[in-house]
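Peer 1: I am sharing entry-v1.cif, which consists of mmCIF, C-alpha atoms and all ligand atoms:
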data_work
#
loop_
_atom_site.label_atom_id
_atom_site.label_comp_id
_atom_site.auth_asym_id
_atom_site.auth_seq_id
_atom_site.Cartn_x
_atom_site.Cartn_y
_atom_site.Cartn_z
CA MET A 1 135.64 123.73 137.44
CA ARG A 2 134.23 120.30 138.14
CA LYS A 3 130.73 121.62 137.45
CA THR A 4 131.86 122.98 134.06
CA PHE A 5 133.39 119.61 133.23
CA TYR A 6 130.20 117.76 134.07
CA THR A 7 128.10 120.24 132.10
CA LEU A 8 130.38 119.81 129.09
CA ALA A 9 130.29 116.04 129.42
CA LEU A 10 126.50 116.15 129.59
CA VAL A 11 126.31 118.33 126.46
CA CYS A 12 128.62 115.91 124.61
CA VAL A 13 126.56 112.89 125.67
CA SER A 14 123.28 114.57 124.65
CA LEU A 15 124.78 115.57 121.31
CA MET A 16 125.86 111.99 120.74
CA VAL A 17 122.40 110.73 121.63
CA CYS A 18 120.72 113.43 119.53
CA ALA A 19 122.90 112.55 116.56
CA GLN A 20 121.32 109.12 116.38
CA PRO A 21 118.61 108.75 113.76
CA LYS A 22 115.06 108.21 114.94
CA VAL A 23 113.28 104.97 114.11
CA VAL A 24 110.02 104.98 112.15
CA ALA A 25 108.19 101.71 111.59
CA HIS A 26 107.13 101.54 107.93
CA ARG A 27 103.39 100.74 107.73
CA GLY A 28 103.63 100.16 111.49
CA TYR A 29 105.53 97.28 113.07
CA TRP A 30 104.08 94.46 111.02
CA ARG A 31 106.88 91.90 110.74
CA THR A 32 105.85 90.38 114.04
CA ASP A 33 103.24 87.94 115.36
CA GLY A 34 99.63 88.97 115.04
CA SER A 35 100.39 92.11 113.07
CA ALA A 36 99.79 93.23 109.48
CA GLN A 37 100.76 96.27 107.41
CA ASN A 38 98.76 99.36 108.35
CA SER A 39 96.80 97.49 111.01
CA ILE A 40 95.90 98.98 114.36
CA VAL A 41 98.00 96.22 115.94
CA SER A 42 101.01 97.44 113.91
CA LEU A 43 100.66 100.87 115.50
CA GLN A 44 100.35 99.37 118.99
CA LYS A 45 103.43 97.19 118.38
CA ALA A 46 105.47 100.14 117.08
CA ALA A 47 104.55 102.13 120.18
CA ALA A 48 105.25 99.14 122.46
CA ILE A 49 108.85 98.76 121.24
CA GLY A 50 109.46 102.50 121.59
CA CYS A 51 109.65 103.61 117.96
CA TYR A 52 109.86 107.37 117.41
CA GLY A 53 107.00 107.01 114.96
CA SER A 54 104.72 104.67 113.10
CA GLU A 55 103.98 105.31 109.44
CA PHE A 56 100.67 104.53 107.74
CA ASP A 57 98.85 105.30 104.48
CA VAL A 58 95.52 107.03 104.00
CA TRP A 59 92.97 106.87 101.17
CA LEU A 60 89.56 108.51 101.00
CA THR A 61 86.47 106.57 99.95
CA VAL A 62 84.05 108.11 97.45
CA ASP A 63 81.69 108.99 100.32
CA GLY A 64 84.42 110.79 102.25
CA VAL A 65 85.68 108.24 104.78
CA PRO A 66 89.47 108.13 105.20
CA VAL A 67 90.73 104.56 105.58
CA VAL A 68 94.17 103.20 106.43
CA PHE A 69 95.59 101.00 103.67
CA HIS A 70 98.60 101.03 101.39
CA ASP A 71 97.35 100.01 97.97
CA GLY A 72 94.79 101.92 95.96
CA THR A 73 92.69 98.78 95.73
CA ILE A 74 91.58 96.21 98.27
CA ASN A 75 90.66 92.77 96.97
CA GLY A 76 90.27 94.28 93.51
CA ILE A 77 88.05 97.19 94.59
CA LYS A 78 89.33 100.71 93.97
CA ILE A 79 89.11 102.52 97.32
CA GLU A 80 88.63 106.00 95.84
CA ASP A 81 85.56 104.83 93.89
CA ALA A 82 83.98 102.66 96.59
CA THR A 83 81.77 103.65 99.49
CA TYR A 84 82.94 102.79 102.97
CA ALA A 85 80.00 100.37 103.28
CA GLU A 86 81.44 98.43 100.35
CA LEU A 87 84.84 98.14 102.03
CA MET A 88 84.12 97.80 105.72
CA ASN A 89 83.97 94.01 105.79
CA HIS A 90 87.29 93.52 104.08
CA ARG A 91 90.00 92.22 106.35
CA LEU A 92 93.74 92.75 106.67
CA ALA A 93 96.20 89.84 106.76
CA ASN A 94 95.96 89.59 110.57
CA GLY A 95 92.15 89.37 110.53
CA GLU A 96 91.42 92.99 111.48
CA PHE A 97 88.77 94.78 109.47
CA LEU A 98 90.07 97.55 107.20
CA PRO A 99 90.56 100.40 109.72
CA THR A 100 89.08 103.81 109.20
CA LEU A 101 91.43 106.66 110.04
CA GLN A 102 89.14 107.57 112.92
CA GLN A 103 89.38 104.08 114.44
CA TYR A 104 93.13 104.11 113.91
CA LEU A 105 93.61 107.51 115.53
CA LEU A 106 91.34 106.62 118.43
CA GLU A 107 93.69 103.74 119.21
CA ALA A 108 96.60 106.14 118.88
CA THR A 109 95.13 108.30 121.66
CA LYS A 110 95.53 105.26 123.96
CA THR A 111 99.26 105.02 123.23
CA GLU A 112 101.96 107.48 124.19
CA GLY A 113 105.14 108.79 122.71
CA CYS A 114 104.84 107.41 119.21
CA GLN A 115 104.52 109.96 116.44
CA LEU A 116 101.90 109.38 113.76
CA ILE A 117 103.56 109.55 110.38
CA LEU A 118 100.50 110.03 108.22
CA GLU A 119 101.00 109.46 104.50
CA ILE A 120 98.33 110.98 102.32
CA LYS A 121 98.17 109.04 99.07
CA PRO A 122 97.94 111.01 95.82
CA HIS A 123 94.31 110.74 94.67
CA SER A 124 93.05 110.85 91.10
CA THR A 125 91.94 114.49 91.08
CA ALA A 126 93.07 117.70 92.77
CA GLN A 127 89.64 117.94 94.36
CA ARG A 128 89.99 114.50 95.95
CA ASP A 129 93.47 115.41 97.19
CA GLU A 130 91.96 118.42 98.93
CA ARG A 131 89.09 116.45 100.40
CA VAL A 132 91.37 113.82 101.91
CA VAL A 133 93.58 116.54 103.42
CA GLN A 134 90.51 118.25 104.93
CA ARG A 135 89.16 115.01 106.40
CA CYS A 136 92.56 114.11 107.90
CA LEU A 137 92.90 117.56 109.48
CA GLU A 138 89.37 117.43 110.90
CA LEU A 139 90.05 114.12 112.63
CA ILE A 140 93.49 115.13 113.88
CA HIS A 141 92.00 118.30 115.39
CA MET A 142 88.96 116.50 116.81
CA LEU A 143 91.24 114.06 118.63
CA LYS A 144 93.78 116.78 119.50
CA LEU A 145 96.63 114.90 117.85
CA GLN A 146 98.25 117.87 116.10
CA GLU A 147 101.48 117.61 118.09
CA ARG A 148 101.82 113.91 117.42
CA THR A 149 101.14 114.00 113.71
CA GLU A 150 103.66 114.46 110.90
CA TYR A 151 102.43 114.39 107.31
CA ILE A 152 104.14 112.87 104.29
CA SER A 153 103.08 112.64 100.66
CA PHE A 154 104.33 111.92 97.15
CA SER A 155 101.93 114.60 95.90
CA LYS A 156 103.15 118.18 95.63
CA HIS A 157 99.55 119.32 95.52
CA VAL A 158 98.73 117.50 98.76
CA CYS A 159 101.77 119.04 100.48
CA GLU A 160 100.95 122.54 99.17
CA TYR A 161 97.30 122.36 100.11
CA LEU A 162 98.07 120.92 103.53
CA HIS A 163 100.60 123.67 104.23
CA ALA A 164 98.04 126.31 103.20
CA GLN A 165 95.41 124.81 105.50
CA GLU A 166 97.73 124.13 108.43
CA PRO A 167 100.92 126.21 108.22
CA SER A 168 102.23 124.78 111.49
CA ALA A 169 102.02 121.15 110.32
CA LYS A 170 105.18 119.12 109.84
CA ILE A 171 105.21 118.11 106.17
CA ALA A 172 107.80 116.00 104.38
CA TYR A 173 107.80 115.35 100.66
CA LEU A 174 108.41 111.82 99.43
CA LYS A 175 109.03 111.84 95.71
CA GLY A 176 112.72 112.68 95.71
CA ASP A 177 112.69 115.21 92.87
CA MET A 178 113.07 118.43 94.85
CA ALA A 179 116.24 119.84 96.39
CA PRO A 180 116.16 120.81 100.08
CA LYS A 181 116.21 124.52 99.23
CA GLU A 182 113.03 124.08 97.16
CA ILE A 183 111.37 122.26 100.07
CA LYS A 184 112.35 125.09 102.40
CA ALA A 185 110.97 127.66 99.95
CA MET A 186 107.62 125.84 99.91
CA GLY A 187 107.45 126.10 103.71
CA TRP A 188 107.53 122.32 104.14
CA THR A 189 109.67 120.88 106.91
CA GLY A 190 111.40 117.83 105.55
CA ILE A 191 112.43 115.47 102.81
CA ASP A 192 111.51 111.81 103.13
CA TYR A 193 113.29 110.20 100.20
CA HIS A 194 114.10 106.74 98.90
CA HIS A 195 117.60 105.67 99.94
CA GLY A 196 118.72 105.72 96.29
CA VAL A 197 118.08 109.48 96.13
CA PHE A 198 120.74 110.14 98.78
CA LYS A 199 123.22 108.02 96.83
CA ALA A 200 122.53 110.17 93.75
CA HIS A 201 122.50 113.45 95.73
CA PRO A 202 124.78 113.04 98.74
CA GLU A 203 125.07 116.86 98.87
CA TRP A 204 121.41 117.08 99.89
CA LEU A 205 122.28 115.75 103.35
CA GLN A 206 124.52 118.66 104.26
CA GLU A 207 122.29 121.13 102.43
CA SER A 208 119.31 119.95 104.49
CA GLN A 209 121.24 120.26 107.73
CA GLN A 210 122.26 123.83 106.89
CA LEU A 211 118.70 124.79 106.00
CA GLY A 212 117.09 123.01 108.95
CA VAL A 213 115.18 120.65 106.64
CA GLU A 214 114.62 117.31 108.34
CA VAL A 215 115.89 114.22 106.50
CA ASN A 216 114.03 110.92 106.53
CA VAL A 217 115.13 107.95 104.41
CA TRP A 218 112.91 105.05 103.29
CA THR A 219 112.69 102.10 103.24
CA VAL A 220 115.90 100.73 104.68
CA ASP A 221 115.76 97.06 105.66
CA GLY A 222 118.18 94.40 106.83
CA GLU A 223 121.20 94.66 109.10
CA GLU A 224 123.73 95.72 106.46
CA ALA A 225 121.79 98.59 104.93
CA LEU A 226 120.52 99.77 108.31
CA THR A 227 124.07 99.84 109.70
CA GLU A 228 125.20 101.90 106.69
CA PHE A 229 122.41 104.47 107.05
CA ALA A 230 122.68 104.58 110.84
CA LYS A 231 126.28 105.77 110.39
CA MET A 232 125.48 108.33 107.69
CA LYS A 233 125.82 111.96 108.80
CA GLY A 234 122.76 114.10 108.23
CA ILE A 235 120.07 111.42 108.42
CA ASP A 236 117.51 112.39 111.05
CA ILE A 237 115.02 109.55 110.62
CA ILE A 238 115.17 106.04 109.16
CA THR A 239 111.93 104.42 108.02
CA THR A 240 112.22 100.65 108.13
CA ASN A 241 110.28 97.41 108.09
CA ASP A 242 112.83 96.14 110.65
CA PRO A 243 112.55 98.58 113.56
CA GLU A 244 113.91 96.17 116.16
CA ILE A 245 117.03 95.42 114.09
CA LEU A 246 117.67 99.17 113.75
CA GLN A 247 117.10 99.74 117.46
CA ALA A 248 119.66 97.03 118.26
CA ILE A 249 122.21 98.64 115.89
CA LEU A 250 121.69 102.06 117.47
CA LYS A 251 122.00 100.65 120.97
CA LYS A 252 125.33 99.05 120.11
CA LYS A 253 126.54 102.29 118.52
CA ARG A 254 125.75 104.28 121.62
MG MG B 301 103.56 104.81 103.09
#
Written as structure tokens, how would this file's structure read?
Peer 2:
Amino acid sequence: MRKTFYTLALVCVSLMVCAQPKVVAHRGYWRTDGSAQNSIVSLQKAAAIGCYGSEFDVWLTVDGVPVVFHDGTINGIKIEDATYAELMNHRLANGEFLPTLQQYLLEATKTEGCQLILEIKPHSTAQRDERVVQRCLELIHMLKLQERTEYISFSKHVCEYLHAQEPSAKIAYLKGDMAPKEIKAMGWTGIDYHHGVFKAHPEWLQESQQLGVEVNVWTVDGEEALTEFAKMKGIDIITTNDPEILQAILKKKR
């Protein structure tokens, strides 16, 4: 009898813990000393504070080198049209050189327990979309990071092509214009939508839960908004520029 009680209590506690959303640091943990958006330091800092994952953005140079950066241009140079040699001496806000995806992932292999939330940026042609997907997959396989990598993209074509190349990959779509049932039908695994989308379509939360489509919301910042989304039923992951604030809220809730 006592054993049954303890087992039940344990199940309840694990359900309560499981029900908490996971924390993803948006462009890494960069709102902290010595860090910068999409820098290698931002990945190390996200891992050091125990984030579930660290998000980062990937572009492909014209000569086929994937680099980690948010904007399509760096210091006025369009990444897609530049060679890596033309970009390699550009620095991020914390002084790091623009990281290649390979350098970034190599650092990731030295950290543990932090998922790599790899955003593939929509490129200017379908062919470039496919090339960047191929290069990302090659590196992820070379470094044996398949289990730690989850892909996200605003591009339907990128998601479709990625799924065709790597059916087992976790893929979440970012744009917010597809219902969970459409995502499921594509064989993708999640929706990763702007917080405003869930205000417009609150029914998508329950629909996702029923279909087993994972729900990630971006980008939720500041104590008030984070508290609101941390309470919301059906949110599996919160992507934030304030991961430590969210962690503190979740700790209090527990
Ligand atoms: Mg991003």
Peer 1: Please identify every polymer residue within 6 Å of ligand MG 301 (chain B), using only C-alpha atoms and all ligand atoms, and present the set as a count of residues only.
Peer 2: 3
Peer 1: Within 8 Å of stretch 87-102 of chain A, counting all atoms listed in the file, which residues qualify if same-chain residues fewer than 6 places away don't, as a compact mmCIF listing (two decimals) with C-alpha atoms, keeping the file's coordinate frame?
Peer 2:
# COMPACT_ATOMS: atom_id res chain seq x y z
CA GLY A 34 99.63 88.97 115.04
CA SER A 35 100.39 92.11 113.07
CA ALA A 36 99.79 93.23 109.48
CA GLN A 37 100.76 96.27 107.41
CA SER A 39 96.80 97.49 111.01
CA ILE A 40 95.90 98.98 114.36
CA VAL A 58 95.52 107.03 104.00
CA VAL A 65 85.68 108.24 104.78
CA PRO A 66 89.47 108.13 105.20
CA VAL A 67 90.73 104.56 105.58
CA VAL A 68 94.17 103.20 106.43
CA PHE A 69 95.59 101.00 103.67
CA ILE A 74 91.58 96.21 98.27
CA ASN A 75 90.66 92.77 96.97
CA ILE A 79 89.11 102.52 97.32
CA CYS A 136 92.56 114.11 107.90
CA LEU A 139 90.05 114.12 112.63
Peer 1: Using Å and a single decimal, report how far atom CA of A:Glu138 sits from atom CA of A:Phe154.
Peer 2: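 Atom CA of A:Phe154 sits 21.1 Å away from atom CA of A:Glu138.
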Peer 1: What's around A:Arg131 at 12 Å? Count only C-alpha atoms, leave out sequence neighbours fewer than 2 positions away in its own chain, and write the answer as a ChimeraX atom specification.
Peer 2: /A:58-66,80,120-129,133-138,157-158,161-162,165
Peer 1: Rounded to one decimal, what separation in Å do you get between atom CA of A:Ser208 and atom CA of A:Lys175?
Peer 2: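 Here the two named atoms are 15.8 Å from each other.
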Peer 1: Closest to A:Val23 among A:Cys159, A:Leu105, A:Cys51, A:Val215, using all atoms listed in the file?
Peer 2: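 For A:Val23, the nearest of the given residues is A:Cys51.
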Peer 1: Select, counting all atoms listed in the file, all protein, DNA and RNA residues no farther than 7 Å from (102.3, 99.0, 109.7) in file coordinates, and express the selection as a list in words.
Peer 2: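 Protein and nucleic acid residues near the point are Ala25, His26, Arg27, Gly28, Tyr29, Trp30, Ala36, Gln37, Asn38, Ser39, Ser42, Leu43, Glu55 and Phe56 of chain A.
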Peer 1: Considering all atoms listed in the file, can you say which of A:Leu116, A:Ala19, A:Leu106, A:Ala179 comes closest to A:Lys253?
Peer 2: A:Ala19
Peer 1: Which neighbours of A:Leu250 fall inside 9 Å, counting only C-alpha atoms, when residues of the same chain fewer than 6 positions from it are skipped, and could you give them as a count of residues only?
Peer 2: 4
Peer 1: Residues near A:Ala108, anyone? I mean within 10 Å using all atoms listed in the file, not counting same-chain ones fewer than 3 positions away, as a VMD selection string.
Peer 2: chain A and resid 40 43 to 44 47 102 to 105 111 to 116 143 145 148
Peer 1: Quick one, how far is atom CA of A:Ala185 from atom CA of A:Gly212?
Peer 2: 11.8 Å
Peer 1: Could you check which of A:Arg254, A:His163, A:Ala169, A:Lys231 is closest to A:Glu130, using all atoms listed in the file?
Peer 2: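 Counting all atoms listed in the file, the residue closest to A:Glu130 is A:His163.
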Peer 1: Pick out the closest residue to A:Lys45 from this set: A:Ala85, A:Glu107, A:Glu228, A:Lys184. Count only C-alpha atoms.
Peer 2: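 Residue with the minimum atom-to-atom distance to A:Lys45: A:Glu107.
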Peer 1: Counting all atoms listed in the file, which of A:Glu166, A:Gly76, A:Tyr173, A:Ile245 gets nearest to A:His141?
Peer 2: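 The shortest atom-to-atom distance to A:His141 comes from A:Glu166.
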Peer 1: Using all atoms listed in the file, pick whichever of A:Thr73, A:Thr240, A:Glu160, A:Lys22 has the shortest atom-to-atom distance to A:Gly50.
Peer 2: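 Of A:Thr73, A:Thr240, A:Glu160, A:Lys22, the one nearest A:Gly50 is A:Lys22, counting all atoms listed in the file.
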